[in-house]
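Raw contents of start_23.txt, compact mmCIF, C-alpha atoms:
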# COMPACT_ATOMS: atom_id res chain seq x y z
CA MET A 885 54.49 29.64 -86.11
CA GLN A 886 54.87 31.63 -89.34
CA LEU A 887 51.11 31.65 -89.82
CA LEU A 888 50.56 33.38 -86.51
CA ILE A 889 53.20 35.94 -87.35
CA GLY A 890 51.58 36.60 -90.68
CA LEU A 891 48.20 37.09 -89.03
CA ALA A 892 49.72 39.51 -86.56
CA PHE A 893 51.05 41.62 -89.35
CA ALA A 894 47.76 41.32 -91.21
CA GLU A 895 45.97 42.78 -88.22
CA ALA A 896 48.42 45.66 -87.87
CA PRO A 897 50.11 46.14 -91.27
CA LEU A 898 53.26 48.25 -91.42
CA GLU A 899 53.06 51.35 -93.57
CA ILE A 900 55.93 51.44 -96.06
CA PRO A 901 57.54 54.90 -96.21
CA ALA A 902 57.72 56.57 -99.59
CA ASP A 903 61.49 57.06 -99.44
CA LEU A 904 63.61 53.94 -99.02
CA PRO A 905 65.59 53.77 -95.73
CA VAL A 906 69.36 53.95 -95.93
CA ALA A 907 71.57 51.53 -94.01
CA GLU A 908 74.51 52.65 -91.89
CA TRP A 909 76.94 51.78 -94.67
CA GLY A 910 75.10 54.08 -97.08
CA GLU A 911 73.27 51.57 -99.25
CA PRO A 912 69.48 51.68 -99.64
CA VAL A 913 67.49 48.93 -97.92
CA LEU A 914 64.45 47.52 -99.67
CA ALA A 915 61.33 47.83 -97.53
CA GLU A 916 60.36 44.21 -98.23
CA ASP A 917 63.76 42.99 -96.98
CA ALA A 918 63.42 45.15 -93.90
CA ILE A 919 60.06 43.59 -93.08
CA VAL A 920 61.49 40.09 -93.54
CA GLN A 921 64.37 40.94 -91.22
CA TYR A 922 62.00 42.41 -88.67
CA GLN A 923 59.82 39.31 -88.76
CA ALA A 924 62.87 37.12 -88.07
CA ARG A 925 64.57 39.33 -85.46
CA HIS A 926 61.77 40.87 -83.44
CA LEU A 927 61.06 39.51 -79.94
CA ARG A 928 57.86 38.53 -78.19
CA VAL A 929 56.82 37.20 -74.79
CA ARG A 930 54.87 33.94 -74.77
CA ASP A 931 53.18 32.07 -71.95
CA VAL A 932 54.22 28.44 -71.47
CA LYS A 933 52.81 25.53 -69.51
CA GLY A 934 54.46 22.56 -67.87
CA GLN A 935 57.76 24.35 -67.21
CA ASP A 936 59.43 25.89 -64.20
CA VAL A 937 58.80 29.37 -65.61
CA GLY A 938 55.47 30.81 -66.71
CA TRP A 939 56.69 32.67 -69.77
CA VAL A 940 59.59 32.78 -72.22
CA VAL A 941 61.02 35.22 -74.74
CA GLN A 942 61.27 34.11 -78.38
CA ASP A 943 62.45 35.62 -81.61
CA GLY A 944 60.45 35.66 -84.83
CA GLY A 945 61.47 32.10 -85.63
CA GLY A 946 60.21 30.76 -82.31
CA ASN A 947 63.71 30.26 -80.93
CA PRO A 948 64.07 30.90 -77.17
CA VAL A 949 66.17 33.87 -76.09
CA ASP A 950 68.23 33.52 -72.92
CA THR A 951 68.98 36.14 -70.30
CA PHE A 952 72.57 36.77 -71.34
CA TRP A 953 71.70 37.51 -74.98
CA LEU A 954 68.74 39.66 -73.99
CA ALA A 955 70.68 41.69 -71.40
CA GLU A 956 73.31 42.51 -74.02
CA HIS A 957 71.06 43.21 -77.01
CA ALA A 958 68.38 45.01 -74.99
CA ASP A 959 71.15 47.17 -73.51
CA ASP A 960 69.95 46.55 -69.96
CA ARG A 961 72.97 47.86 -68.07
CA GLN A 962 71.69 46.85 -64.64
CA ALA A 963 71.12 43.25 -65.76
CA GLN A 964 74.53 43.20 -67.43
CA ASP A 965 76.18 44.35 -64.19
CA LEU A 966 74.25 41.76 -62.18
CA LEU A 967 75.16 38.90 -64.51
CA ALA A 968 78.80 39.99 -64.63
CA LYS A 969 78.92 40.15 -60.83
CA GLU A 970 77.38 36.71 -60.36
CA LEU A 971 79.59 35.20 -63.06
CA LYS A 972 82.66 36.64 -61.34
CA GLN A 973 81.52 35.20 -58.00
CA ALA A 974 80.89 31.81 -59.61
CA LYS A 975 84.36 31.83 -61.18
CA ILE A 976 85.91 32.66 -57.81
CA VAL A 977 84.08 29.69 -56.29
CA GLN A 978 85.17 27.52 -59.19
CA TRP A 979 88.84 28.42 -58.90
CA THR A 980 88.64 28.05 -55.12
CA ALA A 981 87.29 24.53 -55.58
CA VAL A 982 90.02 23.80 -58.14
CA SER A 983 92.66 25.02 -55.68
CA VAL A 984 91.21 22.93 -52.85
CA GLY A 985 90.97 19.87 -55.08
CA GLY A 986 94.51 20.27 -56.38
CA THR A 987 95.82 20.75 -52.85
CA LEU A 988 94.08 17.59 -51.63
CA VAL A 989 95.48 15.57 -54.52
CA GLY A 990 98.95 16.93 -53.79
CA LEU A 991 98.64 16.14 -50.07
CA ALA A 992 97.83 12.54 -50.96
CA ALA A 993 101.48 12.09 -51.97
CA ILE A 994 102.65 12.59 -48.37
CA PRO A 995 101.13 9.41 -46.86
CA VAL A 996 102.05 7.50 -50.02
CA ALA A 997 105.70 8.51 -49.59
CA ARG A 998 105.65 7.29 -45.98
CA ILE A 999 104.48 3.76 -46.84
CA ASP A 1000 107.14 1.15 -45.95
CA HIS A 1001 107.38 -1.02 -49.04
CA THR A 1002 110.18 -3.20 -47.57
CA LEU A 1003 108.02 -4.56 -44.79
CA ALA A 1004 108.06 -8.37 -44.56
CA GLU A 1005 106.28 -10.67 -42.13
CA PRO A 1006 108.68 -12.59 -39.85
CA GLU A 1007 108.66 -16.42 -39.93
CA TRP A 1008 109.10 -18.52 -36.79
CA GLN A 1009 111.22 -21.09 -38.60
CA THR A 1010 113.90 -18.46 -39.20
CA TYR A 1011 114.18 -17.80 -35.46
CA ARG A 1012 114.17 -21.52 -34.63
CA ASP A 1013 116.98 -22.19 -37.08
CA ARG A 1014 119.19 -19.77 -35.17
CA VAL A 1015 119.31 -22.25 -32.26
CA GLN A 1016 121.22 -25.50 -32.82
CA ARG A 1017 120.97 -28.24 -30.17
CA ASP A 1018 124.62 -29.17 -30.58
CA ASN A 1019 125.69 -25.73 -29.35
CA PHE A 1020 124.26 -26.31 -25.88
CA ASP A 1021 125.57 -28.65 -23.21
CA THR A 1022 122.31 -29.14 -21.40
CA GLU A 1023 118.70 -29.44 -22.41
CA SER A 1024 117.70 -26.57 -20.14
CA ASP A 1025 120.12 -24.18 -21.86
CA TYR A 1026 118.75 -25.23 -25.23
CA LEU A 1027 115.14 -24.68 -24.13
CA ALA A 1028 116.06 -21.28 -22.65
CA ALA A 1029 117.55 -20.25 -26.01
CA ILE A 1030 114.39 -21.42 -27.77
CA ASP A 1031 112.27 -19.30 -25.39
CA GLU A 1032 114.47 -16.28 -26.10
CA GLN A 1033 114.02 -16.67 -29.86
CA GLN A 1034 110.30 -17.10 -29.30
CA SER A 1035 110.19 -13.77 -27.47
CA LEU A 1036 112.13 -12.07 -30.28
CA TYR A 1037 109.76 -13.57 -32.83
CA GLN A 1038 106.69 -12.32 -30.95
CA ASN A 1039 108.20 -8.81 -30.63
CA ASP A 1040 109.09 -8.66 -34.33
CA LEU A 1041 105.68 -10.03 -35.29
CA GLY A 1042 103.97 -7.33 -33.20
CA ALA A 1043 106.15 -4.65 -34.80
CA PHE A 1044 105.26 -6.01 -38.24
CA GLN A 1045 101.54 -5.92 -37.48
CA THR A 1046 101.82 -2.35 -36.16
CA ALA A 1047 103.75 -1.26 -39.24
CA SER A 1048 101.24 -3.03 -41.51
CA SER A 1049 98.40 -1.20 -39.78
CA SER A 1050 100.25 2.10 -40.25
CA ASN A 1051 100.75 1.33 -43.93
CA ALA A 1052 97.02 0.60 -44.27
CA ASP A 1053 96.17 3.88 -42.55
CA ARG A 1054 98.51 5.75 -44.89
CA ARG A 1055 96.94 4.09 -47.93
CA TRP A 1056 93.41 4.93 -46.78
CA THR A 1057 94.44 8.49 -45.95
CA ALA A 1058 95.99 8.91 -49.38
CA LEU A 1059 92.87 7.44 -50.98
CA ALA A 1060 90.59 9.77 -49.01
CA LEU A 1061 92.68 12.85 -49.89
CA ALA A 1062 93.00 11.91 -53.56
CA GLY A 1063 89.33 10.92 -53.82
CA GLY A 1064 88.19 14.13 -52.15
CA GLY A 1065 90.46 16.15 -54.41
CA VAL A 1066 89.21 14.45 -57.56
CA MET A 1067 85.58 14.91 -56.53
CA THR A 1068 86.21 18.58 -55.77
CA LEU A 1069 87.86 19.07 -59.15
CA ALA A 1070 84.96 17.24 -60.81
CA VAL A 1071 82.28 19.46 -59.27
CA ALA A 1072 84.22 22.73 -59.65
CA PRO A 1073 82.82 23.54 -63.14
CA TYR A 1074 79.27 23.31 -61.78
CA ALA A 1075 79.77 26.59 -59.94
CA VAL A 1076 79.73 28.48 -63.26
CA GLN A 1077 77.40 26.06 -65.02
CA GLY A 1078 74.91 26.27 -62.16
CA MET A 1079 74.93 30.06 -62.29
CA ILE A 1080 74.38 30.03 -66.06
CA HIS A 1081 71.61 27.45 -65.77
CA LYS A 1082 69.88 29.40 -63.01
CA ARG A 1083 69.98 32.65 -64.98
CA ARG A 1084 69.28 31.23 -68.46
CA GLU A 1085 65.53 31.83 -68.39
CA PRO A 1086 64.62 35.56 -68.48
CA ALA A 1087 61.80 34.83 -66.02
CA ASN A 1088 64.46 34.16 -63.38
CA THR A 1089 65.94 37.64 -63.81
CA TRP A 1090 63.19 40.06 -64.86
CA SER A 1091 59.58 40.60 -63.87
CA ARG A 1092 56.92 40.13 -66.54
CA SER A 1093 56.24 43.88 -66.79
CA ARG A 1094 59.93 44.65 -67.05
CA ILE A 1095 60.56 42.08 -69.78
CA GLU A 1096 57.62 43.35 -71.81
CA ALA A 1097 59.08 46.85 -71.64
CA LEU A 1098 62.50 45.54 -72.69
CA VAL A 1099 61.02 43.58 -75.59
CA GLU A 1100 59.06 46.61 -76.75
CA GLU A 1101 62.17 48.79 -76.59
CA HIS A 1102 64.12 46.16 -78.54
CA ASN A 1103 61.44 45.97 -81.24
CA ARG A 1104 61.21 49.77 -81.55
CA THR A 1105 64.98 49.99 -81.84
CA LEU A 1106 64.96 47.24 -84.45
CA ARG A 1107 62.32 49.09 -86.48
CA ALA A 1108 64.42 52.24 -86.24
CA ASP A 1109 67.52 50.38 -87.46
CA LEU A 1110 65.59 48.91 -90.38
CA GLY A 1111 63.91 52.21 -91.25
CA LEU A 1112 60.42 50.89 -90.56
CA PRO A 1113 57.53 52.92 -89.11
CA GLY A 1114 57.23 53.00 -85.35
CA GLY A 1115 60.95 52.92 -84.82
CA GLU A 1116 62.34 54.80 -81.86
CA ARG A 1117 65.63 54.84 -80.01
CA PRO A 1118 65.26 53.86 -76.32
CA SER A 1119 65.66 56.47 -73.64
CA TYR A 1120 66.96 55.52 -70.18
CA GLU A 1121 66.45 58.90 -68.58
CA ASP A 1122 63.43 57.67 -66.64
CA ASP A 1123 64.55 56.97 -63.06
CA GLY A 1124 62.05 54.13 -62.75
CA TRP A 1125 63.30 52.22 -65.81
CA GLU A 1126 65.62 49.97 -63.81
CA ALA A 1127 63.45 49.67 -60.72
CA THR A 1128 61.82 46.30 -61.44
CA LEU A 1129 64.85 44.07 -61.96
CA TYR A 1130 64.35 40.79 -60.13
CA GLU A 1131 67.46 39.89 -58.15
CA PRO A 1132 67.17 36.56 -56.29
CA GLU A 1133 69.81 35.18 -53.97
CA PRO A 1134 72.99 34.49 -55.99
CA PRO A 1135 74.05 30.84 -56.32
CA ARG A 1136 76.41 29.58 -53.67
CA PHE A 1137 78.77 26.65 -53.70
CA THR A 1138 81.12 25.87 -50.84
CA VAL A 1139 83.57 23.10 -50.08
CA ALA A 1140 84.62 22.57 -46.47
CA PRO A 1141 86.90 19.89 -44.99
CA GLN A 1142 85.40 17.69 -42.29
CA VAL A 1143 87.81 16.08 -39.83
CA GLY A 1144 86.81 13.74 -37.03
CA PRO A 1145 88.51 11.30 -34.66
CA THR A 1146 88.09 8.41 -37.10
CA TYR A 1147 87.39 10.01 -40.47
CA LEU A 1148 88.53 12.64 -42.95
CA GLY A 1149 86.21 13.99 -45.61
CA LEU A 1150 84.71 16.92 -47.47
CA GLN A 1151 81.37 18.66 -47.20
CA PHE A 1152 79.82 20.09 -50.37
CA ARG A 1153 77.07 22.70 -50.09
CA PHE A 1154 75.08 24.01 -53.07
What would you get if you wrote out this structure as structure tokens?
Amino acid sequence: MQLLIGLAFAEAPLEIPADLPVAEWGEPVLAEDAIVQYQARHLRVRDVKGQDVGWVVQDGGGNPVDTFWLAEHADDRQAQDLLAKELKQAKIVQWTAVSVGGTLVGLAAIPVARIDHTLAEPEWQTYRDRVQRDNFDTESDYLAAIDEQQSLYQNDLGAFQTASSSNADRRWTALALAGGGVMTLAVAPYAVQGMIHKRREPANTWSRSRIEALVEEHNRTLRADLGLPGGERPSYEDDGWEATLYEPEPPRFTVAPQVGPTYLGLQFRF
């Protein structure tokens, strides 16, 4: 990597000015140090293979430069506004998902509170023990009392089964609400992370011609700051300077409840 950089400078050597440049704080800057700094901090566009993008931006050390750093340091105001807008939208989606998730978790407490924890299954022997043969004069009266207790037992058993089914429904409802809330809370950060990941590569934000112009402006500004030849402050007076910004569809993330006759769930859309 350093060899290629050295060859590039060998092909187009920088002319060292006779008078030493002066830094902003008033101290002289050695020309050799300025060249070293320029070699480390200048940007270049390189073609890549086997990746989702066809080219990347790197600094002098071969480190990749992402969109957010480049938009700030290249002073691309339009890109800065676009990234700020999309980041704000992603945060709104994130906090919306957090609110929905928290609400679902909170709603899960309602069916839990309605569960009857004192429910006990009736036993036939308890009903049979209520009838003593000695308390009846005839066998028919005794058998009639047994039939009455049998009816009470069947009614109480049916009520128990209905209540047990209701308790099961409440438990499943609470589980569905809590599970949906937890999943929504878990995926909420991906709204911002997805936006950052989608915009990280400069190729997803700028066209190739636009990025080359930005890189050239950055390098000229850097040479001007270091007092090296070829330095020039950028000028944004040209109306066409911001005309080639690539603006794809912003990332979207939505969470919508889905309710049916026999189910309750959430629908996630990325």
### Query
When you draw a straight line from CA of Lys1082 (chain A) to CA of Asp960 (chain A), how long is it in Å?
18.5 Å
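Our summary of the geometry notes that CA of Arg1092 (chain A) is positioned 16.7 Å from CA of Phe952 (chain A).
Nearest residue to Val982 (chain A), choosing from A:Gln923, A:Gln1034, A:Thr1068, A:Gln935 and counting all atoms listed in the file: A:Thr1068.
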### Message
My list of candidates is A:Ser1091, A:Gln1009, A:Asn1039, A:Ser983. Which is closest to Trp939 (chain A) when distances are computed with all atoms listed in the file?
### Response
A:Ser1091
#### Entry: Separation of CA of Val1099 (chain A) from CA of Ala1087 (chain A), in Å and rounded to one decimal
13.0 Å
### Task
Give the answer as one residue: which of A:Glu1007, A:Arg1107, A:Val1076, A:Ala918 has the shortest atom-to-atom distance to Lys969 (chain A), using only C-alpha atoms?
A:Val1076
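Remark: for Ser1050 (chain A), the closest of the candidate residues A:Ala1028, A:Leu1003, A:Val920, A:Leu1106 is A:Leu1003 (distances computed over all atoms listed in the file).
Take the candidates A:Phe1020, A:Ala992, A:Met1067, A:Val929 and check each one against Arg1094 (chain A) using all atoms listed in the file; the shortest distance goes to A:Val929.
Shortest separation to Pro948 (chain A) among A:Val989, A:Val977, A:Val932, A:Val984 occurs at residue A:Val932, atoms counted being all atoms listed in the file.
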